[in-house]
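Engineer: The following file, structure_8.txt, comprises compact mmCIF, C-alpha atoms:
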```
# COMPACT_ATOMS: atom_id res chain seq x y z
CA MET R 1 27.50 22.94 9.26
CA GLU R 2 29.22 26.11 10.37
CA SER R 3 26.92 28.13 12.61
CA HIS R 4 27.23 30.99 15.09
CA GLU R 5 25.85 31.40 18.59
CA TYR R 6 23.63 34.34 19.52
CA ARG R 7 22.50 35.30 23.02
CA SER R 8 20.17 37.69 24.77
CA ARG R 9 21.82 40.16 27.13
CA GLU R 10 18.83 40.24 29.44
CA ALA R 11 19.71 39.10 32.95
CA GLN R 12 16.43 37.20 33.22
CA PRO R 13 15.08 35.92 29.90
CA ASP R 14 11.38 36.19 29.15
CA LEU R 15 10.26 32.56 29.32
CA ILE R 16 7.08 33.15 27.34
CA TRP R 17 9.09 34.78 24.54
CA LEU R 18 11.71 32.04 24.74
CA ASN R 19 9.11 29.32 24.31
CA LYS R 20 7.57 31.12 21.34
CA ALA R 21 11.01 31.54 19.76
CA ARG R 22 11.92 27.90 20.37
CA PHE R 23 8.78 26.59 18.72
CA ALA R 24 8.89 29.06 15.85
CA GLY R 25 11.32 26.70 14.15
CA VAL R 26 13.89 27.85 11.63
CA GLN R 27 13.53 31.53 10.73
CA GLU R 28 15.09 33.49 7.90
CA LEU R 29 16.38 36.83 9.19
CA THR R 30 18.72 39.64 8.18
CA VAL R 31 21.62 40.65 10.42
CA THR R 32 21.06 44.23 11.60
CA GLU R 33 23.54 47.08 11.13
CA ARG R 34 24.69 46.47 14.71
CA GLY R 35 25.49 42.85 13.86
CA THR R 36 22.60 41.54 15.95
CA LEU R 37 19.51 39.49 15.18
CA GLU R 38 15.97 40.49 16.05
CA VAL R 39 13.93 37.43 16.99
CA LEU R 40 10.25 38.04 17.74
CA GLY R 41 10.98 41.60 18.86
CA LYS R 42 14.03 40.87 21.02
CA GLU R 43 17.64 41.55 20.12
CA LEU R 44 20.23 38.78 20.18
CA HIS R 45 23.97 39.44 20.14
CA PRO R 46 26.66 37.21 18.63
CA ALA R 47 28.84 35.35 21.13
CA ASP R 48 31.83 36.02 18.86
CA PRO R 49 31.26 39.24 16.89
CA LYS R 50 34.47 38.79 14.87
CA GLN R 51 33.30 35.47 13.43
CA ALA R 52 29.59 36.30 13.11
CA PRO R 53 27.90 37.03 9.76
CA ALA R 54 28.31 40.60 8.54
CA PRO R 55 25.50 43.18 8.84
CA GLY R 56 22.98 42.80 6.05
CA SER R 57 23.62 39.06 5.69
CA LEU R 58 20.62 36.81 5.25
CA VAL R 59 20.81 33.93 7.73
CA LYS R 60 18.85 30.94 8.98
CA VAL R 61 18.17 31.11 12.72
CA TRP R 62 17.04 28.35 15.09
CA TYR R 63 17.13 27.39 18.76
CA ALA R 64 19.16 24.36 19.85
CA ALA R 65 20.87 23.11 23.00
CA GLY R 66 19.98 26.17 25.05
CA ASN R 67 21.15 28.79 22.55
CA PHE R 68 20.17 30.44 19.31
CA ARG R 69 22.25 29.52 16.28
CA ALA R 70 22.58 31.25 12.92
CA ALA R 71 24.05 30.02 9.65
CA THR R 72 24.63 31.86 6.41
CA MET R 73 22.47 30.87 3.46
CA LYS R 74 25.52 29.34 1.77
CA ALA R 75 26.34 27.17 4.79
CA TRP R 76 22.67 26.19 5.10
CA ALA R 77 22.47 25.22 1.41
CA GLN R 78 25.64 23.14 1.66
CA ALA R 79 24.38 21.34 4.76
CA SER R 80 21.00 20.73 3.10
CA ALA R 81 22.71 19.23 0.06
CA ILE R 82 24.79 16.93 2.27
CA HIS R 83 21.65 15.89 4.16
CA ARG R 84 19.76 15.14 0.93
CA GLU R 85 22.65 13.08 -0.39
CA ARG R 86 22.84 11.15 2.88
CA GLU R 87 19.10 10.44 2.71
CA ARG R 88 19.40 9.34 -0.92
CA THR R 89 22.27 7.00 -0.05
CA GLU R 90 20.34 5.53 2.88
CA HIS R 91 17.27 5.07 0.67
CA VAL R 92 19.32 3.24 -1.96
CA SER R 93 20.88 1.10 0.77
CA ARG R 94 17.45 0.17 2.16
CA GLU R 95 16.15 -0.64 -1.32
CA THR R 96 19.19 -2.83 -1.98
CA ALA R 97 18.73 -4.64 1.32
CA HIS R 98 15.01 -5.22 0.65
CA ARG R 99 15.75 -6.43 -2.87
CA ARG R 100 18.39 -8.83 -1.60
CA LEU R 101 16.00 -10.21 1.03
CA ARG R 102 13.32 -10.76 -1.59
CA GLU R 103 15.67 -12.44 -4.04
CA GLU R 104 17.07 -14.68 -1.31
CA ALA R 105 13.59 -15.62 -0.08
CA GLU R 106 12.23 -16.40 -3.54
CA ALA R 107 15.31 -18.39 -4.58
CA PHE R 108 15.37 -20.35 -1.32
CA ASN R 109 11.65 -21.15 -1.35
CA SER R 110 11.65 -22.11 -5.03
CA ALA R 111 14.46 -24.59 -4.40
CA LEU R 112 12.60 -26.46 -1.64
CA PRO R 113 11.58 -29.88 -3.02
CA VAL R 114 8.03 -29.95 -1.63
CA PRO R 115 6.06 -32.46 -3.75
CA VAL R 116 2.69 -30.67 -3.56
CA ARG R 117 1.42 -27.09 -3.87
CA TRP R 118 2.35 -24.98 -0.86
CA VAL R 119 3.04 -21.47 0.41
CA PRO R 120 5.11 -20.11 3.30
CA GLY R 121 2.82 -19.78 6.32
CA LEU R 122 2.61 -18.68 9.94
CA LYS R 123 1.24 -20.40 13.01
CA ASP R 124 -0.03 -17.20 14.56
CA ALA R 125 -2.64 -15.29 12.55
CA ASN R 126 -1.70 -12.14 14.47
CA HIS R 127 1.57 -12.15 12.51
CA GLY R 128 -0.21 -12.03 9.19
CA ALA R 129 0.38 -8.34 8.48
CA PRO R 130 3.16 -7.68 5.96
CA SER R 131 4.82 -5.17 8.28
CA SER R 132 5.48 -7.89 10.85
CA LEU R 133 7.84 -9.62 8.43
CA ALA R 134 9.53 -6.56 6.98
CA GLY R 135 12.96 -8.06 7.62
CA VAL R 136 15.21 -5.03 7.19
CA GLY R 137 16.21 -3.58 10.53
CA THR R 138 14.03 -5.90 12.60
CA THR R 139 15.50 -8.00 15.39
CA ARG R 140 12.68 -10.49 15.95
CA ARG R 141 10.67 -12.16 13.20
CA PRO R 142 8.07 -14.93 13.41
CA VAL R 143 9.02 -18.42 12.27
CA VAL R 144 7.93 -19.13 8.70
CA HIS R 145 6.61 -22.63 7.94
CA VAL R 146 5.65 -24.73 4.93
CA LEU R 147 1.86 -24.39 4.59
CA LEU R 148 0.44 -27.10 2.33
CA GLN R 149 -2.25 -26.31 -0.23
CA GLN R 150 -2.73 -29.92 -1.29
CA ASP R 151 -2.87 -33.22 0.57
CA LEU R 152 0.52 -34.86 1.01
CA ASP R 153 0.76 -38.66 1.21
CA ALA R 154 4.36 -39.82 1.47
CA GLY R 155 4.22 -43.23 3.07
CA ARG R 156 4.19 -42.79 6.84
CA LEU R 157 3.93 -39.02 6.44
CA TYR R 158 0.44 -37.72 5.72
CA ARG R 159 -0.71 -34.12 5.76
CA GLU R 160 -3.95 -32.53 4.63
CA SER R 161 -4.31 -29.35 2.63
CA GLY R 162 -4.11 -26.43 5.07
CA ASP R 163 -1.68 -28.21 7.41
CA LEU R 164 1.70 -26.91 8.38
CA LEU R 165 4.25 -29.53 7.39
CA CYS R 166 5.81 -29.59 10.85
CA ASP R 167 2.71 -29.46 13.04
CA PRO R 168 -0.66 -30.45 11.54
CA SER R 169 -2.48 -30.54 14.89
CA HIS R 170 -1.57 -26.93 15.66
CA SER R 171 -2.40 -25.70 12.18
CA ARG R 172 -5.82 -27.41 12.18
CA TRP R 173 -6.64 -25.91 15.58
CA THR R 174 -5.54 -22.46 14.43
CA ALA R 175 -7.31 -22.72 11.07
CA ALA R 176 -10.55 -23.77 12.77
CA ARG R 177 -10.44 -20.59 14.85
CA MET R 178 -9.01 -17.92 12.56
CA GLY R 179 -7.29 -19.42 9.53
CA THR R 180 -3.60 -20.09 9.03
CA PRO R 181 -2.14 -17.03 7.30
CA GLU R 182 0.38 -16.96 4.52
CA ALA R 183 3.74 -15.47 5.49
CA LEU R 184 3.72 -12.29 3.43
CA THR R 185 6.10 -9.37 3.58
CA VAL R 186 6.72 -6.33 1.38
CA ASP R 187 9.66 -5.10 -0.63
CA ALA R 188 10.93 -1.52 -0.87
CA GLU R 189 8.31 -0.70 -3.52
CA GLY R 190 5.44 -2.02 -1.43
CA HIS R 191 4.89 -5.24 -3.41
CA LYS R 192 3.98 -8.31 -1.40
CA TYR R 193 6.01 -11.49 -1.58
CA HIS R 194 6.37 -14.69 0.44
CA ALA R 195 8.87 -14.65 3.27
CA LYS R 196 11.69 -17.18 3.44
CA VAL R 197 10.87 -20.46 5.19
CA THR R 198 12.79 -20.58 8.48
CA CYS R 199 11.17 -23.40 10.48
CA LYS R 200 13.93 -25.94 11.18
CA THR R 201 11.47 -28.81 11.54
CA CYS R 202 9.76 -28.01 8.24
CA LEU R 203 13.13 -27.81 6.49
CA GLU R 204 14.28 -31.11 8.01
CA MET R 205 11.07 -32.79 6.85
CA VAL R 206 11.48 -31.33 3.35
CA ALA R 207 15.00 -32.77 3.28
CA ARG R 208 13.65 -36.19 4.27
CA LEU R 209 11.02 -35.93 1.54
CA ALA R 210 13.76 -35.14 -0.96
CA ARG R 211 15.62 -38.31 0.05
CA LYS R 212 12.44 -40.26 -0.76
CA GLY R 213 12.26 -38.57 -4.14
CA ASP R 214 11.61 -41.75 -6.15
CA ASP R 215 8.29 -42.28 -4.36
CA LEU R 216 7.04 -38.71 -4.70
CA THR R 217 5.63 -36.52 -7.39
CA GLU R 218 7.46 -33.58 -8.95
CA ALA R 219 8.50 -30.83 -6.53
CA HIS R 220 6.55 -27.58 -6.52
CA ALA R 221 7.70 -24.00 -6.04
CA PRO R 222 5.51 -22.00 -3.64
CA ALA R 223 2.28 -20.69 -5.14
CA PRO R 224 2.38 -17.03 -6.25
CA VAL R 225 1.07 -14.30 -4.00
CA ALA R 226 -2.68 -13.86 -4.40
CA GLY R 227 -4.12 -10.78 -6.03
CA GLY R 228 -1.49 -10.34 -8.71
CA LEU R 229 0.69 -8.25 -6.42
CA ARG R 230 3.81 -10.19 -7.19
CA PRO R 231 5.55 -8.44 -10.12
```
Turn this file's structure into structure tokens for me.
Structural biologist:
Amino acid sequence: MESHEYRSREAQPDLIWLNKARFAGVQELTVTERGTLEVLGKELHPADPKQAPAPGSLVKVWYAAGNFRAATMKAWAQASAIHRERERTEHVSRETAHRRLREEAEAFNSALPVPVRWVPGLKDANHGAPSSLAGVGTTRRPVVHVLLQQDLDAGRLYRESGDLLCDPSHSRWTAARMGTPEALTVDAEGHKYHAKVTCKTCLEMVARLARKGDDLTEAHAPAPVAGGLRP
């Protein structure tokens, strides 16, 4: 945005006035007949009078980087429009990223050949809040496991309802203390959905179960999110 610098000609600026002017935010002022701006009772002069807005012009004035700046209403409107468009584009980009994450998670989880009812789950109940699994823009996410909702008896492999497929001893200890939470996250519209299973051990065990397919019952997709929040 094109803007113009204005300065006080006082040798020693009034610090109390300066602080008030700084925190006054953006002001809408009219350039005086002398080509100056009057900010909270003090006159500011343009650093470059030839390029400054003409007397009588309505301008937006603010304090930044040690100086006062002024922009014409036209320049301000153009910059505001560019800013709104940038925000809209970023919003669409975030929505697209969230939608892609949700679609990938639901498709991946639905394809896992787990032979009993299950949901994605977490070992640590402290990670149960949806915001902890938001996914977009985060650098560290908790590991998501297969949390069984029915007993699983597959020959040498036995798990009870409420166990994590990879680590039943840990899940029973956790559940006895605070409950093993489902791995829930939220999409761009605030709807909850199950996060994608990421535990390597769980996925390896699911693959082994799939190879035993003849001895197992029909595979199940993860149970829907409780409370009807899943559209």
Engineer: What's the separation between CA of Pro168 (chain R) and CA of Leu101 (chain R), in Å to one decimal place?
Structural biologist: 28.2 Å
Engineer: Would you pick out the contacts of Glu160 (chain R) at 8 Å or less, using all atoms listed in the file, so that residues sharing its chain but fewer than 6 positions from it are not included, and give the list as a VMD selection string?
Structural biologist: chain R and resid 148 150 to 152 168
Engineer: Give me the residues within 12 Å of Lys20 (chain R) as a ChimeraX atom specification, counting all atoms listed in the file and dropping any in the same chain fewer than 6 places off.
Structural biologist: /R:14,39-42,62-63
Engineer: Any idea what's packed within 10 Å of Asp48 (chain R), counting all atoms listed in the file, ignoring anything in its chain fewer than 3 positions away? Could you give it as number ranges by chain?
Structural biologist: R: 4-6, 45, 51-53
Engineer: Write out as a PyMOL selection string the residues lying within 12 Å of Lys74 (chain R), counting only C-alpha atoms and excluding same-chain residues fewer than 5 positions away.
Structural biologist: chain R and resi 1-3+53+57-60+79-81
Engineer: Just write the chosen residues, C-alpha atoms, as an mmCIF file, keeping the file's coordinate frame.
Structural biologist:
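Below you can see part_19.cif, which holds the result:
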```cif
data_model
loop_
_atom_site.group_PDB
_atom_site.id
_atom_site.type_symbol
_atom_site.label_atom_id
_atom_site.label_comp_id
_atom_site.auth_asym_id
_atom_site.auth_seq_id
_atom_site.Cartn_x
_atom_site.Cartn_y
_atom_site.Cartn_z
ATOM 1 C CA MET R 1 27.500 22.940 9.260
ATOM 2 C CA GLU R 2 29.220 26.110 10.370
ATOM 3 C CA SER R 3 26.920 28.130 12.610
ATOM 4 C CA PRO R 53 27.900 37.030 9.760
ATOM 5 C CA SER R 57 23.620 39.060 5.690
ATOM 6 C CA LEU R 58 20.620 36.810 5.250
ATOM 7 C CA VAL R 59 20.810 33.930 7.730
ATOM 8 C CA LYS R 60 18.850 30.940 8.980
ATOM 9 C CA ALA R 79 24.380 21.340 4.760
ATOM 10 C CA SER R 80 21.000 20.730 3.100
ATOM 11 C CA ALA R 81 22.710 19.230 0.060
#
```
Engineer: What's the separation between CA of Pro49 (chain R) and CA of Gln78 (chain R), in Å to one decimal place?
Structural biologist: 22.9 Å
Engineer: Which residue is closest to His191 (chain R)? Choose from R:Arg102, R:His145, R:Ser110, R:Arg88 and count all atoms listed in the file.
Structural biologist: R:Arg102
Engineer: Kindly give the distance, in Å, that separates CA of Val119 (chain R) and CA of Ala210 (chain R), rounded to a single decimal.
Structural biologist: 17.4 Å
Engineer: Could you check which of R:His194, R:Arg156, R:Arg99, R:Lys50 is closest to Gly121 (chain R), using all atoms listed in the file?
Structural biologist: R:His194
Engineer: Could the centre and edge lengths of an axis-aligned box, enclosing all atoms of region 75-93 of chain R in the file with 3 Å extra on each side, be given in Å to one decimal as lines of an AutoDock Vina configuration file?
Structural biologist:
```
center_x = 21.8
center_y = 14.1
center_z = 1.6
size_x = 15.1
size_y = 32.1
size_z = 13.1
```
Engineer: From the list R:Arg94, R:Lys200, R:Arg159, R:Arg69, which residue is nearest Ala21 (chain R) when using all atoms listed in the file?
Structural biologist: R:Arg69
Engineer: For Val146 (chain R), which residue out of R:Thr96, R:Thr201, R:Ser169, R:Asn67 is the nearest one, using all atoms listed in the file?
Structural biologist: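 Checking each of R:Thr96, R:Thr201, R:Ser169, R:Asn67 against Val146 (chain R), counting all atoms listed in the file, the winner is R:Thr201.
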Engineer: For a quick check of understanding, using all atoms listed in the file, which of R:His91, R:Arg9, R:Lys123, R:Lys196 has the smallest distance to Glu106 (chain R)?
Structural biologist: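 Among the listed residues, the smallest separation from Glu106 (chain R) belongs to R:Lys196.
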Engineer: Which is closer to Leu209 (chain R) than all the others in R:Ala183, R:Leu165, R:Val144, R:Val114, using all atoms listed in the file?
Structural biologist: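 Smallest separation from Leu209 (chain R) among the options: R:Val114.
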